[in-house]
Amino acid sequence: MADDKKPVKLPRTAKGKKPIYFDSTTDKLLSMVLTLMGELSVMRDRLDTVERLAEKKGVFKLDDIENYELTEEVNKIRGERRAAYIARVLKSVQDELDALQQQGDGMNVEITQ
Amino acid sequence: MIPQTMHSIFAKPNHDEASRQNFVNDFRVHLASKVFPGNFPAYFGRVLPAFIKAQGREPKDRHEVRKVMTKDPYYQLWSAMQRNSQEMIWDSVIDAVERQLPDLLKKAKDLKGKGSLTLNPNVEVPKYHNAADIHLQPGAYHTDVAPDDLSAGAIYDRGTYIYSMGGLGAENDGLGRILQKFFHKQYPDKKIERVLDMGCTIGGSVSFWSTKEPGTEFHAIDVGAPCLRYGHARAKAVGANVHFSQQNAEKTNFLDASFDVVTSHILLHETSRQAIQNIFKECYRLLKPGGVMMHLDLPQAFGQNPLEGFLWEWEIYNNNEHFYGQLRELDTADVATKAGFDPAKFKIHQVASTWDDGQTPYSNENFTFPVYVAVK
């Protein structure tokens with residue numbers, strides 16, 4: 001959409017006290033594992049779609065995948081996708097960082113990106 | 001999961017979004033069918049014997065079960081995964097809504113159809129609603145993030161469908177189907193001209209009623225503006241004729257004795273003890289003589305054994321359902337009497353959770369919803 005305005009970002013974390021199940025770190029690790037489970041499932045579905053379409057349309061053979069050479073442009077696209085992926089998996093760490101920064105009690109952390 | 005009907009205002013997921021949503025659903029089905037049942041052998045096999053050994057008796061209520069069961073490693077793991085699955089629902093749904101928001105806003109604006117929408121920015125979101133985000137939906141039902149925002153409603157429409165694992169039917173309106181069927185079975189000869197649905201969120205239930213009974217005037221209220229905007233658009237998209245307005249069910253601007261039926265679908269457990277009293281009182285004021293109040297809600301604690309009672313209350317402590325607790329033991333007959341209803345005309349019906357085509361939420365035909373019914 002040709003729009004100068006920044007796209008709207010919806011809130012991603014629910015307001016309210018989060019229970020502790022094991023301990024803070026273990027809880028985060030569990031979140032990461034479950035998110036990874038989900039993302040791997042999404043990826044497998046997508047690959048399955050690609051393979052089936054390729055076969056159906058006779059676009060390429062599976063051997064072509066094995067012999068694929070990465071260009072700089074594709075590498076950049078993949079890098080951005082990986083960054084978003086990592087952020088999704090590590091969301092529980094980001095949540096804690098956000099909470100720490102909001103406390104404003106001298107524990108603020110400067111982030112440089 | 002049976003496919004959800006994608007009406008024209010639905011935030012249709014793309015390939016990966018759909019895949020992510022399907023994963024969350026399948027994960028939750030696995031948790032419900034393969035992991036949750038393990039809480040029973042964990043309790044009866046080790047938690048209960050340890051309690052008896054230490055105390056010389058069984059736990060007397062669900063609160064005592066909570067103290068010991070929440071320390072059991074099996075329960076902890078199930079509970080932690082269940083919590084995560086709830087957070088994953090919203091994350092998977094928000095992707096699709098965020099990506100398409102400008103398009104959804106435009107579609108909602110252009111959509112032709114019946115009904116109306118009256119917003120009132122002066123309506124205060126009550127504390128029981130904004131103290132925490134109910135069901136962990138980020139921003140809950142009332143947060144506007146854009147002008148004329150409807151994202152909370154779009155997220156709710158898909159998120160509740162995944163939450164119920166498709167259990168509320170392809171149109172995600174099963175609660176409306178249950179209550180509409182119950183009403184006509186209970187009162188086959190009652191003529192209804194005007195109906196009010198309180199705490200309607202996106203109006204799924206009331207829109208179903210409206211499509212079935214086009215000769216009746218339907219009103220629906222909620223405090224959440226983005227849900228009402230989406231609800232109005234959704235109603236138009238499914239061919240319903242509903243008048244939505246932003247109002248608190250505790251005190252509305254409708255005239256005395258102006259409705260034949262006042263309903264709510266799982267509203268009460270999201271409000272406070274005082275709010276329920278006020279809502280019943282408001283229902284009494286709004287009903288015509290002979291009019292019917294019907295509130296469908298989640299089960300109370302009465303008749304549940306201590307373990308069952310404890311497990312039902314998982315949502316209170318882990319899914320921001322803080323106000324369900326006060327409904328669990330509430331004497332609703334007393335509330336109705338104090339609101340003005342004749343105690344002889346108040347009854348709690350246990351209504352089977354099936355509708356005409358045999359569908360049922362949670363694939364459990366023995367599951368019943370309490371419906372608090374009073375006739376003025």
# chains A, B, ... in the order shown; residues from 1 in each chain; ligands from 1

$ residues_around --residues "B:Gln76" --least-positions-apart "6" --cutoff "12 Å" --atoms "only C-alpha atoms" --output "list in words"
Pro19, Ile20, Tyr21, Phe22, Asp23, Thr26, Asp27 and Leu30 of chain A; Val35, Phe36, Gly38, Asn39, Ala42, Arg66, Val68, Met69, Thr70, Gln82, Arg83, Trp314 and Asn318 of chain B

$ closest_atom_pairs --of "chain A" --to "chain B" --cutoff "10 Å" --atoms "only C-alpha atoms" --output "CSV"
residue,atom,partner,partner_atom,distance
A:Met1,CA,B:Pro102,CA,8.4
A:Asp3,CA,B:Pro102,CA,9.7
A:Pro7,CA,B:Glu98,CA,8.4
A:Val8,CA,B:Glu98,CA,7.0
A:Lys9,CA,B:Glu98,CA,6.7
A:Leu10,CA,B:Glu98,CA,6.3
A:Pro11,CA,B:Pro138,CA,5.5
A:Arg12,CA,B:Pro138,CA,5.4
A:Thr13,CA,B:Pro138,CA,5.0
A:Ala14,CA,B:Pro138,CA,4.0
A:Lys15,CA,B:Ala132,CA,4.9
A:Gly16,CA,B:Ala132,CA,4.4
A:Lys17,CA,B:Ala132,CA,7.8
A:Lys18,CA,B:Asn318,CA,7.5
A:Pro19,CA,B:Asn318,CA,6.5
A:Ile20,CA,B:Ala80,CA,8.4
A:Tyr21,CA,B:Gln76,CA,5.9
A:Phe22,CA,B:Gln76,CA,7.2
A:Asp27,CA,B:Ala80,CA,7.4
A:Lys28,CA,B:Asn84,CA,9.9
A:Leu30,CA,B:Met81,CA,7.7
A:Ser31,CA,B:Asn84,CA,6.3
A:Met32,CA,B:Asn84,CA,9.7
A:Leu34,CA,B:Asn84,CA,7.7
A:Thr35,CA,B:Met88,CA,7.8
A:Met37,CA,B:Phe23,CA,8.8
A:Gly38,CA,B:Phe23,CA,6.0
A:Glu39,CA,B:Arg20,CA,7.1
A:Leu40,CA,B:Arg20,CA,9.5
A:Ser41,CA,B:Phe23,CA,6.8
A:Val42,CA,B:Ser19,CA,5.2
A:Met43,CA,B:Asp16,CA,7.7
A:Arg44,CA,B:Ser19,CA,9.3
A:Asp45,CA,B:Ser19,CA,6.7
A:Arg46,CA,B:Asp16,CA,6.8
A:Thr49,CA,B:His15,CA,9.1
A:Arg88,CA,B:Asp91,CA,9.3

$ residues_around --residues "B:Thr252" --least-positions-apart "3" --cutoff "10 Å" --atoms "only C-alpha atoms" --output "compact mmCIF listing (two decimals) with C-alpha atoms, in the first residue's frame"
# COMPACT_ATOMS: atom_id res chain seq x y z
CA MET B 198 -25.07 -7.42 26.62
CA ILE B 221 -23.79 -3.39 23.58
CA SER B 245 -23.80 0.72 20.67
CA GLN B 246 -20.95 1.39 23.06
CA GLN B 247 -22.47 1.04 26.52
CA ASN B 248 -21.76 -0.55 29.86
CA ALA B 249 -24.33 -3.25 30.70
CA LEU B 255 -35.90 3.06 28.04
CA ILE B 279 -26.41 -5.90 35.37
CA GLU B 282 -30.51 -3.18 34.65
CA CYS B 283 -32.04 -6.26 32.99
CA LEU B 286 -35.15 -2.95 30.65

$ select_by_dssp --residues "stretch 2-94 of chain A" --states "helix (DSSP H, G or I)" --output "JSON, numbers by chain"
{"A": [24, 25, 26, 27, 28, 29, 30, 31, 32, 33, 34, 35, 36, 37, 38, 39, 40, 41, 42, 43, 44, 45, 46, 47, 48, 49, 50, 51, 52, 53, 54, 55, 56, 57, 62, 63, 64, 65, 66, 72, 73, 74, 75, 76, 77, 78, 79, 80, 81, 82, 83, 84, 85, 86, 87, 88, 89, 91, 92, 93, 94]}

$ select_by_dssp --residues "stretch 67-263 of chain B" --states "strand (DSSP E)" --output "PyMOL selection string"
chain B and resi 116-118+194-198+217-222+242-246+259-263

$ atom_distance --atom1 "atom CA of B:Phe367" --atom2 "atom CA of B:Gly169"
15.6 Å

$ atom_distance --atom1 "atom CA of B:Leu311" --atom2 "atom CA of B:His269"
16.4 Å

$ residues_around --residues "A:Glu96" --least-positions-apart "2" --cutoff "12 Å" --atoms "only C-alpha atoms" --output "NGL selection string"
:A and (13 or 18 or 24-25 or 27-28 or 90-94 or 98-103 or 107-109)

$ decode --residues "stretch 7-42 of chain A" --atoms "N, CA and C atoms" --output "mmCIF file, in the first residue's frame"
data_model
loop_
_atom_site.group_PDB
_atom_site.id
_atom_site.type_symbol
_atom_site.label_atom_id
_atom_site.label_comp_id
_atom_site.auth_asym_id
_atom_site.auth_seq_id
_atom_site.Cartn_x
_atom_site.Cartn_y
_atom_site.Cartn_z
ATOM 1 N N PRO A 7 3.413 1.729 9.309
ATOM 2 C CA PRO A 7 2.376 0.718 9.547
ATOM 3 C C PRO A 7 2.072 0.589 11.030
ATOM 4 N N VAL A 8 0.810 0.326 11.330
ATOM 5 C CA VAL A 8 0.396 0.195 12.730
ATOM 6 C C VAL A 8 0.984 -1.077 13.327
ATOM 7 N N LYS A 9 1.540 -0.933 14.516
ATOM 8 C CA LYS A 9 2.035 -2.109 15.247
ATOM 9 C C LYS A 9 1.039 -2.437 16.350
ATOM 10 N N LEU A 10 0.540 -3.645 16.343
ATOM 11 C CA LEU A 10 -0.428 -4.045 17.360
ATOM 12 C C LEU A 10 0.302 -4.507 18.621
ATOM 13 N N PRO A 11 -0.345 -4.328 19.790
ATOM 14 C CA PRO A 11 0.305 -4.819 21.022
ATOM 15 C C PRO A 11 0.490 -6.333 20.963
ATOM 16 N N ARG A 12 1.594 -6.809 21.538
ATOM 17 C CA ARG A 12 1.921 -8.234 21.445
ATOM 18 C C ARG A 12 1.989 -8.931 22.798
ATOM 19 N N THR A 13 1.942 -8.159 23.875
ATOM 20 C CA THR A 13 2.057 -8.766 25.193
ATOM 21 C C THR A 13 0.869 -8.358 26.046
ATOM 22 N N ALA A 14 0.226 -9.350 26.655
ATOM 23 C CA ALA A 14 -0.982 -9.079 27.435
ATOM 24 C C ALA A 14 -0.634 -8.417 28.764
ATOM 25 N N LYS A 15 -1.467 -7.431 29.117
ATOM 26 C CA LYS A 15 -1.331 -6.775 30.416
ATOM 27 C C LYS A 15 -1.779 -7.746 31.513
ATOM 28 N N GLY A 16 -1.071 -7.760 32.609
ATOM 29 C CA GLY A 16 -1.437 -8.654 33.713
ATOM 30 C C GLY A 16 -0.221 -9.419 34.198
ATOM 31 N N LYS A 17 -0.292 -9.884 35.442
ATOM 32 C CA LYS A 17 0.841 -10.580 36.037
ATOM 33 C C LYS A 17 0.996 -11.967 35.424
ATOM 34 N N LYS A 18 2.206 -12.272 34.996
ATOM 35 C CA LYS A 18 2.458 -13.579 34.396
ATOM 36 C C LYS A 18 2.876 -14.569 35.492
ATOM 37 N N PRO A 19 2.220 -15.740 35.545
ATOM 38 C CA PRO A 19 2.607 -16.701 36.593
ATOM 39 C C PRO A 19 4.012 -17.246 36.345
ATOM 40 N N ILE A 20 4.650 -17.676 37.418
ATOM 41 C CA ILE A 20 5.927 -18.392 37.308
ATOM 42 C C ILE A 20 5.608 -19.875 37.469
ATOM 43 N N TYR A 21 6.051 -20.684 36.530
ATOM 44 C CA TYR A 21 5.735 -22.113 36.590
ATOM 45 C C TYR A 21 6.885 -22.906 37.224
ATOM 46 N N PHE A 22 8.094 -22.697 36.702
ATOM 47 C CA PHE A 22 9.266 -23.371 37.274
ATOM 48 C C PHE A 22 10.140 -22.298 37.929
ATOM 49 N N ASP A 23 10.858 -21.591 37.102
ATOM 50 C CA ASP A 23 11.540 -20.373 37.516
ATOM 51 C C ASP A 23 11.610 -19.518 36.266
ATOM 52 N N SER A 24 11.977 -18.290 36.434
ATOM 53 C CA SER A 24 11.881 -17.328 35.342
ATOM 54 C C SER A 24 12.629 -17.786 34.091
ATOM 55 N N THR A 25 13.820 -18.319 34.268
ATOM 56 C CA THR A 25 14.633 -18.716 33.118
ATOM 57 C C THR A 25 14.095 -19.983 32.458
ATOM 58 N N THR A 26 13.732 -20.962 33.261
ATOM 59 C CA THR A 26 13.186 -22.206 32.704
ATOM 60 C C THR A 26 11.889 -21.923 31.943
ATOM 61 N N ASP A 27 11.073 -21.056 32.503
ATOM 62 C CA ASP A 27 9.827 -20.689 31.823
ATOM 63 C C ASP A 27 10.116 -20.107 30.440
ATOM 64 N N LYS A 28 11.148 -19.289 30.351
ATOM 65 C CA LYS A 28 11.493 -18.683 29.063
ATOM 66 C C LYS A 28 12.002 -19.750 28.096
ATOM 67 N N LEU A 29 12.812 -20.637 28.616
ATOM 68 C CA LEU A 29 13.335 -21.711 27.756
ATOM 69 C C LEU A 29 12.200 -22.557 27.195
ATOM 70 N N LEU A 30 11.203 -22.828 28.033
ATOM 71 C CA LEU A 30 10.055 -23.594 27.549
ATOM 72 C C LEU A 30 9.336 -22.832 26.437
ATOM 73 N N SER A 31 9.161 -21.519 26.645
ATOM 74 C CA SER A 31 8.515 -20.701 25.604
ATOM 75 C C SER A 31 9.289 -20.784 24.296
ATOM 76 N N MET A 32 10.603 -20.742 24.417
ATOM 77 C CA MET A 32 11.439 -20.793 23.215
ATOM 78 C C MET A 32 11.285 -22.145 22.504
ATOM 79 N N VAL A 33 11.307 -23.202 23.276
ATOM 80 C CA VAL A 33 11.192 -24.546 22.679
ATOM 81 C C VAL A 33 9.854 -24.692 21.962
ATOM 82 N N LEU A 34 8.790 -24.227 22.607
ATOM 83 C CA LEU A 34 7.464 -24.370 22.006
ATOM 84 C C LEU A 34 7.335 -23.502 20.762
ATOM 85 N N THR A 35 7.920 -22.297 20.816
ATOM 86 C CA THR A 35 7.881 -21.435 19.641
ATOM 87 C C THR A 35 8.661 -22.074 18.496
ATOM 88 N N LEU A 36 9.796 -22.639 18.833
ATOM 89 C CA LEU A 36 10.586 -23.337 17.805
ATOM 90 C C LEU A 36 9.806 -24.491 17.196
ATOM 91 N N MET A 37 9.109 -25.226 18.043
ATOM 92 C CA MET A 37 8.253 -26.302 17.540
ATOM 93 C C MET A 37 7.298 -25.765 16.488
ATOM 94 N N GLY A 38 6.671 -24.651 16.821
ATOM 95 C CA GLY A 38 5.707 -24.046 15.913
ATOM 96 C C GLY A 38 6.352 -23.588 14.620
ATOM 97 N N GLU A 39 7.479 -22.910 14.765
ATOM 98 C CA GLU A 39 8.132 -22.358 13.568
ATOM 99 C C GLU A 39 8.656 -23.462 12.654
ATOM 100 N N LEU A 40 9.124 -24.527 13.231
ATOM 101 C CA LEU A 40 9.599 -25.642 12.419
ATOM 102 C C LEU A 40 8.432 -26.273 11.664
ATOM 103 N N SER A 41 7.292 -26.338 12.335
ATOM 104 C CA SER A 41 6.093 -26.884 11.698
ATOM 105 C C SER A 41 5.647 -25.992 10.531
ATOM 106 N N VAL A 42 5.702 -24.655 10.758
ATOM 107 C CA VAL A 42 5.343 -23.705 9.691
ATOM 108 C C VAL A 42 6.280 -23.895 8.500
#
